[in-house]
Amino acid sequence: MNSAVRHDRWRKQTHVMVAALGVVALAAGCGSGGGSEEGGDVTIEFMQWWEPELPDGEFAALIEQFEEENPGIDVELLSGPYASIKDQVIAGSASGTMPDVLGLDGAWVHDFATQGSIADLSAAMSDAGYDDSQLAAQVQVDGATRMIPVVNFAYPMFVNNSLLEQAGVEVPTTWSEFQSAAQAVVDSGSGASGFVAALGLEKPNGINIDILPWTWASGGTMLSEDGGPAVNNEDVTATIEFIKEMWDAGVIAPGGLTMAEQDKVEEFTNERVAMMVSSLAHINLIRENNPELDFSVVPLPVQDGYTGESGVRYASWGIGMSANTEHPEESWKLIEFLMSEGANGQLSALANGFPGNANVTPDFTESDPLFEDAFNIWQAGYPVSEFTGLPLADELMRVFDEELQQVLAEDKPIDEALGNIQTEWEGSF
Amino acid sequence: MAVLMALPIGMVVWFSLQNNVITNASPQFVGLEHYLEIFADAQFHAALKNTAVFVLASVAAHLVIGLAFAMLLNTRLLPHWVKTIFRTIFVLPWLLTVAIVAVLWRLILNPNGVFNYLLVSTGLIDAPREWLADPNLALFAVVLINIWCGYPFFMISLLAGLQGISADLYEAASVDGAGPIRAFFSITIPQLRPIIISMTLLDLIWTSHQFTLIWMTTGGGPLDRTELLSTYTYKLAFSQYMFSAASASAVVVLVISAVLAFAYVRHQRARD
Amino acid sequence: MTTTTVTRTSAAVEQSRPRRQLSTAGRRRIAVALTLAGLIVGALFAGAPVLWMVFSSLKANPEIFAYPPQLITENSSLAPYLAILNDSRQLRFFLNSYVVSLAVAGLTLLVAVHAAYAFSRYDFPGKSIINIAVISVQAVPPITLLIPYFGLVVALGLYNTYPGLILTYMVFTLPYAIIMMTGYFNTLPRELDEAARVDGTSSFGALWRILIPIAIPGMVSVGMYTFMIAWNEYLFALTLTRTDDMRTVPIGIQLLMGQHSYDWNQMMAMSVLGSLPVILLFIFFQRYFIGGMTSGSVKN
């Protein structure tokens, strides 16, 4: 009995040991996993989502040019999917493995800056003696530049000319014209909807792309004079009433409450919606996917009676630097290179956006004629990007989106919804 | 291995008792404050309720469908090659990455997608539905998708279990005059019991974690109709940077699961 | 009187016998038909969406959204597949996925079989607690473990390495594997290995020579499952790797989902390509399910 027990214990231990063995073997294999540094050269890491967005090999070629011009600096491109870059930076920042240079979206800047993840670029610029007058814009938090927009994408209105023609309407320039045009498209029996809004909650940027641009185009704002939230003001209320009327009239494409930006563009490309607000980055995509499609880009219609300048909503590919990079000088050189006239012009042409360097004039000779139209719209109005640099910008949009969904789907009173958003926003600012 | 398992969990529990970790350089101990905070949050209640519906419906369907398919595949009535073909088809949903499952079903369930097309053209419904965007249908739709991609796991495990049941048992039962239904309840189910219980427990836990699928199909919307504890926790952590509250929400899930685990272990012991 | 009764009974028997034979044959035919019908309905449920995916992967991108939907369109071609097969970066994702998933499945099984044997056959102090812990460990939503985990992997120097990913996945697969293998071992009668040990075989011998051969169907299903977990995991794969030479297929698929548009056909093609070898693997391992049938009859 006694010996049997001891025997059992021995067996048990061997099993535990074998179980542990696999782990030890694994751990032993770990040592070989380390990276290899090249002698003398400084390697900086550049995390962004741009490389997969650009034509194959083009971005790498641009970076190679930088490496040739700057011997001794190697750039390692870490390219991630756009949807996950933000989470990666947060996780990286928490464990001290941030890349040296990183692509930024305006909506993230405030959060990363307050978390101390991204460096003060104002200081880097003065250290390097850089003349920042050539930069078209800088995104600042508490008076220090944290992000520089490298390429800007304007968001005009896209219209499907043949669907409008079929419905017997002109390109609308005011809200009421827009509503009747959208209704006419639906009534024309083509099966298409008048407008599309992608309000999915996975990425609640539909608020920033499909909803609030209507406010901005009519000179409105969602902010107070001192930059605080004023989302329950007349401008925004009128916009939501406008959207709600169209929703109730059934002229907005179905499925919008879970739609993403990418789905919206497919709806337009396949002629299932006549009009949408969208990024210039989509022109080439639409051309490629449906060469037959007859469409134009036009200014966003304004509130009836508004005659002032229109705000044009834009988004940027921004760039920033890690706060704890070991190679701030080399990192800055890379940023400087990407903002230089030559590289910046090239990059914005590749990306179909407008350059972040103010001295670069976009060259439209080889691009789609619609880009020139868009550039004219861009120049006639003034650029707006109200969410850029706001605290918890993604969360602000999410709160807005959740309330808007209730207004649309459950007839929640607009005043109440906007009041809720205002309260929530005040808590975040 | 134990360290790898336990340490991160210990950290999560520790996070949940402090005020904003990670984003705050010097967090303070705040005790149970975050727990009270989330218990008072209406969205947490909605998430809790949706999670319960989502998990129970998914797991029940996984079990029923998995068992039904496993029984069908275990038949002696059909030649071997026929079963091989069906077995392979039945396991297909399992082989796809969740991201692709989400994208695929978004295409299929799109208002202009093939599912609506088939239903409308066969006259089953008169107008296309917004399966994922309609507040009344969304939870049903994500449950459907989750059933589709989750049942093969039950099926395979149960199939393996069925192979282990001795044919003699069935012969003896049939000599005693038991029909197939009685044989099913008096032999098949009792023999499979350990597997069914283990798997139901695991599936309960896993389904309550399902994040990618929900996130990539509905993002927790429309309204809060498909908000689960997993999406709720994610939003707390990565949209609002409230890692402490997110950790608290995670610990709640941990406690619920630990209770389940405790019941399971007691059951195992009682069986011994 | 008696004679008539006898004749009547035998006549009744004679009449009813062919009828009953017919009815068993008929019943068998109905059973076959019902089983087949069930299998076909099931196959439609399981296979139709996958079939739709395969056809979509052949379409040109805009055709994927065409209404009314068509199975085969005029621009259907193998181009999306060629685009992936000609891209060395994508092929590297496949290689990484195989290395990681196979290692996870193999090592998990090796560790789990021993742990499960201990759980199933021995009683030791703290068994319940360890059991509860093993189950609860996976109860924490992985998303909240991301940051602590990331820190740990970086601290261990395993960031952006195969072992980092493999160890991480084993944390998630081991509890499952241990629980399932314990379940399988519990279904096998103790007399089997006890008899072997009375004959002087060590507990290792009993495990490897007696239990494991019988438990192969269970091991195959556990192995398949752990393989699939590692194969399909996205969040940790993305966070714990940094460069393309360590990344796995799910990230490759996600990289095709751009900021502004998706490469729908290539995403699906990549997913089909990724599944093909796994299907072959599955077909190969199927014979063990059948093998289990004969070995299962050893018991009792």
# chains A, B, ... in the order shown; residues from 1 in each chain; ligands from 1

call {"tool": "residues_around", "arguments": {"residues": "region 258-269 of chain A", "least_positions_apart": "4", "cutoff": "8 Å", "atoms": "only C-alpha atoms", "output": "JSON, numbers by chain"}}
result
{"A": [160, 196, 197, 198, 199, 200, 201, 202, 203, 206, 273, 274, 275, 276, 278, 282, 286, 289, 290, 293], "B": [132, 133, 217, 218, 219, 221, 222], "C": [62, 65, 259, 260, 261, 262]}

call {"tool": "write_last_selection", "arguments": {"atoms": "N, CA, C and O atoms", "output": "CSV table (one decimal), in the first residue's frame"}}
result
chain,number,residue,atom,x,y,z
A,160,ASN,N,-23.9,60.7,-59.0
A,160,ASN,CA,-24.0,59.8,-60.2
A,160,ASN,C,-24.8,60.5,-61.2
A,160,ASN,O,-26.0,60.7,-61.1
A,196,VAL,N,-26.5,58.0,-49.0
A,196,VAL,CA,-26.1,56.9,-48.2
A,196,VAL,C,-25.2,57.5,-47.1
A,196,VAL,O,-24.4,58.4,-47.3
A,197,ALA,N,-25.5,57.0,-45.8
A,197,ALA,CA,-24.7,57.4,-44.7
A,197,ALA,C,-24.2,56.1,-44.0
A,197,ALA,O,-25.0,55.2,-43.7
A,198,ALA,N,-22.9,55.9,-43.8
A,198,ALA,CA,-22.3,54.7,-43.2
A,198,ALA,C,-22.2,55.0,-41.7
A,198,ALA,O,-21.2,55.6,-41.3
A,199,LEU,N,-23.2,54.5,-40.9
A,199,LEU,CA,-23.2,54.8,-39.5
A,199,LEU,C,-22.8,53.7,-38.6
A,199,LEU,O,-23.1,53.7,-37.4
A,200,GLY,N,-22.1,52.7,-39.1
A,200,GLY,CA,-21.7,51.5,-38.3
A,200,GLY,C,-20.9,52.0,-37.1
A,200,GLY,O,-20.2,53.0,-37.2
A,201,LEU,N,-21.0,51.2,-36.0
A,201,LEU,CA,-20.3,51.6,-34.8
A,201,LEU,C,-18.9,51.0,-34.7
A,201,LEU,O,-18.2,51.3,-33.7
A,202,GLU,N,-18.5,50.1,-35.6
A,202,GLU,CA,-17.2,49.6,-35.4
A,202,GLU,C,-16.2,50.7,-35.5
A,202,GLU,O,-15.3,50.8,-34.8
A,203,LYS,N,-16.4,51.6,-36.5
A,203,LYS,CA,-15.6,52.8,-36.7
A,203,LYS,C,-16.6,53.9,-36.9
A,203,LYS,O,-17.2,54.0,-38.0
A,206,GLY,N,-18.6,57.8,-39.6
A,206,GLY,CA,-19.6,58.2,-40.4
A,206,GLY,C,-20.1,59.6,-40.0
A,206,GLY,O,-20.5,60.5,-40.8
A,273,VAL,N,-26.7,54.0,-55.1
A,273,VAL,CA,-27.1,55.4,-54.5
A,273,VAL,C,-26.6,56.4,-55.5
A,273,VAL,O,-25.6,56.3,-56.2
A,274,ALA,N,-27.4,57.5,-55.5
A,274,ALA,CA,-27.1,58.6,-56.5
A,274,ALA,C,-26.0,59.6,-55.9
A,274,ALA,O,-25.3,60.1,-56.7
A,275,MET,N,-26.0,59.8,-54.6
A,275,MET,CA,-25.1,60.8,-54.1
A,275,MET,C,-24.5,60.4,-52.7
A,275,MET,O,-25.2,59.7,-51.9
A,276,MET,N,-23.3,60.7,-52.5
A,276,MET,CA,-22.6,60.5,-51.2
A,276,MET,C,-21.5,61.5,-51.0
A,276,MET,O,-21.0,62.1,-51.9
A,278,SER,N,-17.7,61.7,-49.9
A,278,SER,CA,-16.7,60.8,-49.8
A,278,SER,C,-15.3,61.4,-50.1
A,278,SER,O,-15.2,62.5,-50.6
A,282,HIS,N,-11.2,58.0,-53.2
A,282,HIS,CA,-12.1,57.0,-53.8
A,282,HIS,C,-12.2,57.1,-55.3
A,282,HIS,O,-12.8,56.2,-56.0
A,286,ILE,N,-13.2,54.0,-57.8
A,286,ILE,CA,-14.5,53.9,-58.5
A,286,ILE,C,-14.2,53.7,-60.0
A,286,ILE,O,-14.8,52.9,-60.6
A,289,ASN,N,-13.1,50.1,-60.6
A,289,ASN,CA,-14.2,49.1,-60.4
A,289,ASN,C,-15.3,49.2,-61.3
A,289,ASN,O,-16.0,48.2,-61.6
A,290,ASN,N,-15.6,50.4,-61.8
A,290,ASN,CA,-16.7,50.6,-62.7
A,290,ASN,C,-16.4,51.7,-63.7
A,290,ASN,O,-16.8,52.8,-63.6
A,293,LEU,N,-19.0,54.1,-65.1
A,293,LEU,CA,-19.8,55.0,-64.2
A,293,LEU,C,-19.6,56.5,-64.6
A,293,LEU,O,-18.4,57.0,-64.6
B,132,LEU,N,-28.6,42.8,-40.6
B,132,LEU,CA,-27.6,43.3,-39.5
B,132,LEU,C,-27.9,44.7,-39.0
B,132,LEU,O,-27.5,45.0,-37.9
B,133,ALA,N,-28.6,45.5,-39.8
B,133,ALA,CA,-28.8,46.9,-39.4
B,133,ALA,C,-30.2,47.1,-38.8
B,133,ALA,O,-30.4,48.2,-38.3
B,217,THR,N,-19.1,42.7,-37.7
B,217,THR,CA,-20.3,42.7,-38.4
B,217,THR,C,-21.2,43.9,-38.0
B,217,THR,O,-21.8,44.5,-38.9
B,218,THR,N,-21.3,44.2,-36.7
B,218,THR,CA,-22.2,45.2,-36.3
B,218,THR,C,-21.5,46.3,-35.4
B,218,THR,O,-22.1,47.3,-35.2
B,219,GLY,N,-20.4,46.0,-34.9
B,219,GLY,CA,-19.7,46.9,-34.0
B,219,GLY,C,-20.5,47.1,-32.7
B,219,GLY,O,-20.3,48.1,-32.0
B,221,GLY,N,-23.7,47.5,-32.6
B,221,GLY,CA,-25.0,48.2,-33.0
B,221,GLY,C,-25.9,47.3,-33.7
B,221,GLY,O,-25.6,46.1,-33.8
B,222,PRO,N,-26.9,47.7,-34.3
B,222,PRO,CA,-27.5,49.1,-34.2
B,222,PRO,C,-28.0,49.3,-32.8
B,222,PRO,O,-28.4,48.4,-32.1
C,62,PRO,N,-16.0,44.7,-58.4
C,62,PRO,CA,-17.3,45.3,-58.5
C,62,PRO,C,-18.4,44.2,-58.6
C,62,PRO,O,-19.6,44.5,-58.2
C,65,PHE,N,-20.6,42.9,-55.7
C,65,PHE,CA,-21.8,43.7,-55.2
C,65,PHE,C,-22.9,43.8,-56.2
C,65,PHE,O,-23.8,44.5,-56.0
C,259,GLN,N,-7.9,51.4,-45.7
C,259,GLN,CA,-8.6,52.5,-45.0
C,259,GLN,C,-9.9,52.9,-45.8
C,259,GLN,O,-10.9,53.2,-45.2
C,260,HIS,N,-9.8,52.8,-47.1
C,260,HIS,CA,-10.9,53.3,-47.9
C,260,HIS,C,-11.7,52.2,-48.7
C,260,HIS,O,-12.8,52.4,-49.1
C,261,SER,N,-11.0,51.1,-48.9
C,261,SER,CA,-11.7,50.0,-49.7
C,261,SER,C,-11.1,48.7,-49.3
C,261,SER,O,-10.0,48.6,-48.8
C,262,TYR,N,-11.8,47.7,-49.6
C,262,TYR,CA,-11.4,46.3,-49.4
C,262,TYR,C,-11.0,45.6,-50.7
C,262,TYR,O,-11.7,45.9,-51.7

call {"tool": "residues_around", "arguments": {"residues": "region 151-168 of chain C", "least_positions_apart": "2", "cutoff": "7 Å", "atoms": "only C-alpha atoms", "output": "list in words"}}
result
Leu26, Cys30, Gly33 and Ser95 of chain A; Val100, Ala103, Val104, Ile147, Pro148, Tyr149, Met170, Val171, Phe172, Ala237, Leu240, Thr241, Arg242 and Met246 of chain C

call {"tool": "interface_residues", "arguments": {"of": "chain A", "to": "chain B", "cutoff": "9 Å", "atoms": "only C-alpha atoms", "output": "ChimeraX atom specification"}}
result
/A:20,23,86-87,90,93-94,111,114-116,199-203,254-259,392-395,398,401-406,409

call {"tool": "select_by_dssp", "arguments": {"residues": "region 134-266 of chain C", "states": "helix (DSSP H, G or I)", "output": "PyMOL selection string"}}
result
chain C and resi 134-137+142-155+162-187+190-198+203-232+235-240+244-246+249-255+264-266

call {"tool": "closest_residue", "arguments": {"among": "A:Ser331, A:Gln179, A:Ser79, A:Asn232", "to": "Ile44 (chain A)", "atoms": "only C-alpha atoms"}}
result
A:Ser331

call {"tool": "select_by_dssp", "arguments": {"residues": "region 189-426 of chain A", "states": "strand (DSSP E or B)", "output": "JSON, numbers by chain"}}
result
{"A": [193, 194, 195, 223, 229, 252, 273, 274, 275, 276, 277, 295, 296, 297, 298, 302, 311, 312, 313, 314, 315, 316, 317, 318, 319, 320, 321, 322, 354, 355, 357, 382, 383, 384]}

call {"tool": "residues_around", "arguments": {"residues": "region 32-47 of chain B", "least_positions_apart": "6", "cutoff": "9 Å", "atoms": "only C-alpha atoms", "output": "ChimeraX atom specification"}}
result
/B:16-19,224-232,244-249,252

call {"tool": "write_last_selection", "arguments": {"atoms": "C-alpha atoms", "output": "short mmCIF file (atom, residue, chain, number, x, y, z; two decimals), in the first residue's frame"}}
result
data_model
loop_
_atom_site.label_atom_id
_atom_site.label_comp_id
_atom_site.auth_asym_id
_atom_site.auth_seq_id
_atom_site.Cartn_x
_atom_site.Cartn_y
_atom_site.Cartn_z
CA SER B 16 -9.29 46.90 -11.91
CA LEU B 17 -8.68 48.13 -8.38
CA GLN B 18 -6.77 51.23 -9.37
CA ASN B 19 -7.72 54.44 -11.06
CA ASP B 224 -26.98 48.66 -28.39
CA ARG B 225 -28.76 45.58 -29.69
CA THR B 226 -25.68 43.46 -30.25
CA GLU B 227 -23.51 45.01 -27.56
CA LEU B 228 -21.89 42.12 -25.70
CA LEU B 229 -19.62 42.19 -22.69
CA SER B 230 -16.68 41.72 -25.03
CA THR B 231 -17.47 44.73 -27.22
CA TYR B 232 -18.37 46.75 -24.14
CA SER B 244 -9.32 50.03 -15.11
CA ALA B 245 -13.03 49.93 -15.80
CA ALA B 246 -12.38 47.55 -18.69
CA SER B 247 -10.40 45.32 -16.36
CA ALA B 248 -13.25 45.41 -13.85
CA SER B 249 -15.64 44.33 -16.56
CA VAL B 252 -16.86 40.19 -13.75
#

call {"tool": "atom_distance", "arguments": {"atom1": "CA of Pro391 (chain A)", "atom2": "CA of Met222 (chain A)"}}
result
14.4 Å

call {"tool": "residues_around", "arguments": {"residues": "Phe178 (chain A)", "least_positions_apart": "6", "cutoff": "12 Å", "atoms": "only C-alpha atoms", "output": "PyMOL selection string"}}
result
chain A and resi 157+159+164+169-172+184-185+194-195+214+242-243+245-246+251-252+274-276+299-304

call {"tool": "closest_atom_pairs", "arguments": {"of": "chain B", "to": "chain C", "cutoff": "6 Å", "atoms": "only C-alpha atoms", "output": "tab-separated table"}}
result
residue	atom	partner	partner_atom	distance
B:Pro8	CA	C:Pro148	CA	5.2
B:Leu77	CA	C:Val32	CA	6.0
B:Ile89	CA	C:Gly47	CA	5.9
B:Phe90	CA	C:Ala46	CA	5.5
B:Leu95	CA	C:Ser275	CA	5.8
B:Thr97	CA	C:Asn232	CA	4.7
B:Val114	CA	C:Pro69	CA	5.8
B:Ser157	CA	C:Ser221	CA	6.0
B:Ala160	CA	C:Pro217	CA	5.3
B:Gln163	CA	C:Met293	CA	4.6
B:Gly164	CA	C:Gly296	CA	4.4
B:Ser166	CA	C:Ser297	CA	4.7
B:Pro194	CA	C:Gly183	CA	5.7
B:Ile195	CA	C:Gly183	CA	5.8
B:Ile205	CA	C:Ala139	CA	5.9
B:His209	CA	C:Pro141	CA	5.5
B:Ala250	CA	C:Val140	CA	5.8
B:Leu254	CA	C:Ala139	CA	5.1
B:Ser257	CA	C:Ala139	CA	5.7
B:Ala258	CA	C:Ser136	CA	5.1
B:Ala261	CA	C:Ile132	CA	5.4
B:Phe262	CA	C:Ile132	CA	5.8

call {"tool": "closest_residue", "arguments": {"among": "C:Val54, C:Leu207, C:Leu273, C:Ala112", "to": "chain A", "atoms": "only C-alpha atoms"}}
result
C:Ala112

call {"tool": "atom_distance", "arguments": {"atom1": "CA of Phe337 (chain A)", "atom2": "CA of Phe66 (chain A)"}}
result
7.0 Å

call {"tool": "residues_around", "arguments": {"residues": "Val384 (chain A)", "least_positions_apart": "2", "cutoff": "9 Å", "atoms": "only C-alpha atoms", "output": "MDAnalysis selection string"}}
result
chainID A and resid 213 216 311:315 382 386

call {"tool": "write_last_selection", "arguments": {"atoms": "all heavy atoms", "output": "CSV table (one decimal), in the first residue's frame"}}
result
chain,number,residue,atom,x,y,z
A,213,PRO,N,-20.4,67.1,-42.1
A,213,PRO,CA,-20.0,68.0,-43.2
A,213,PRO,C,-21.1,68.8,-43.7
A,213,PRO,O,-20.8,69.9,-44.2
A,213,PRO,CB,-19.5,67.0,-44.3
A,213,PRO,CG,-19.0,65.8,-43.5
A,213,PRO,CD,-19.9,65.7,-42.3
A,216,TRP,N,-20.8,71.9,-41.6
A,216,TRP,CA,-19.6,72.7,-41.9
A,216,TRP,C,-19.8,73.4,-43.2
A,216,TRP,O,-19.3,74.5,-43.4
A,216,TRP,CB,-18.4,71.8,-41.9
A,216,TRP,CG,-18.1,71.2,-40.5
A,216,TRP,CD1,-18.3,71.8,-39.3
A,216,TRP,CD2,-17.7,69.8,-40.2
A,216,TRP,NE1,-18.0,70.9,-38.3
A,216,TRP,CE2,-17.6,69.7,-38.8
A,216,TRP,CE3,-17.3,68.7,-41.0
A,216,TRP,CZ2,-17.2,68.6,-38.2
A,216,TRP,CZ3,-16.9,67.6,-40.3
A,216,TRP,CH2,-16.8,67.5,-38.9
A,311,GLY,N,-17.3,75.3,-45.6
A,311,GLY,CA,-16.2,74.6,-45.0
A,311,GLY,C,-16.1,73.2,-45.7
A,311,GLY,O,-17.1,72.6,-45.9
A,312,VAL,N,-14.9,72.8,-46.1
A,312,VAL,CA,-14.7,71.5,-46.7
A,312,VAL,C,-14.0,70.6,-45.8
A,312,VAL,O,-12.9,70.9,-45.3
A,312,VAL,CB,-13.9,71.6,-48.0
A,312,VAL,CG1,-13.8,70.3,-48.7
A,312,VAL,CG2,-14.5,72.7,-48.9
A,313,ARG,N,-14.7,69.5,-45.4
A,313,ARG,CA,-14.1,68.6,-44.5
A,313,ARG,C,-13.0,67.9,-45.1
A,313,ARG,O,-13.0,67.5,-46.3
A,313,ARG,CB,-15.2,67.6,-44.1
A,313,ARG,CG,-14.9,66.8,-42.9
A,313,ARG,CD,-14.5,65.4,-43.3
A,313,ARG,NE,-13.6,64.8,-42.3
A,313,ARG,CZ,-13.2,63.6,-42.3
A,313,ARG,NH1,-13.7,62.7,-43.1
A,313,ARG,NH2,-12.4,63.1,-41.4
A,314,TYR,N,-11.9,67.7,-44.4
A,314,TYR,CA,-10.8,66.9,-44.9
A,314,TYR,C,-10.2,66.0,-43.8
A,314,TYR,O,-10.5,66.2,-42.6
A,314,TYR,CB,-9.7,67.8,-45.4
A,314,TYR,CG,-8.9,68.5,-44.3
A,314,TYR,CD1,-7.6,68.0,-43.9
A,314,TYR,CD2,-9.4,69.6,-43.7
A,314,TYR,CE1,-6.9,68.6,-42.9
A,314,TYR,CE2,-8.6,70.2,-42.6
A,314,TYR,CZ,-7.4,69.7,-42.2
A,314,TYR,OH,-6.7,70.3,-41.2
A,315,ALA,N,-9.5,65.0,-44.3
A,315,ALA,CA,-8.9,64.1,-43.4
A,315,ALA,C,-7.4,64.0,-43.8
A,315,ALA,O,-7.1,64.3,-44.9
A,315,ALA,CB,-9.5,62.7,-43.4
A,382,TYR,N,-13.1,76.7,-47.2
A,382,TYR,CA,-12.0,76.7,-46.2
A,382,TYR,C,-12.0,75.3,-45.5
A,382,TYR,O,-13.0,74.6,-45.4
A,382,TYR,CB,-12.2,77.8,-45.1
A,382,TYR,CG,-13.5,77.7,-44.4
A,382,TYR,CD1,-13.6,77.0,-43.1
A,382,TYR,CD2,-14.7,78.3,-44.9
A,382,TYR,CE1,-14.8,76.9,-42.5
A,382,TYR,CE2,-15.9,78.2,-44.2
A,382,TYR,CZ,-15.9,77.5,-43.0
A,382,TYR,OH,-17.1,77.4,-42.3
A,386,GLU,N,-12.9,69.4,-37.5
A,386,GLU,CA,-13.2,69.8,-36.2
A,386,GLU,C,-12.8,68.7,-35.1
A,386,GLU,O,-12.5,69.0,-34.0
A,386,GLU,CB,-14.6,70.2,-36.0
A,386,GLU,CG,-14.9,71.6,-36.6
A,386,GLU,CD,-16.1,72.3,-36.1
A,386,GLU,OE1,-17.1,71.6,-35.7
A,386,GLU,OE2,-16.2,73.5,-36.2

call {"tool": "atom_distance", "arguments": {"atom1": "CA of Thr51 (chain B)", "atom2": "CA of Leu202 (chain B)"}}
result
15.4 Å
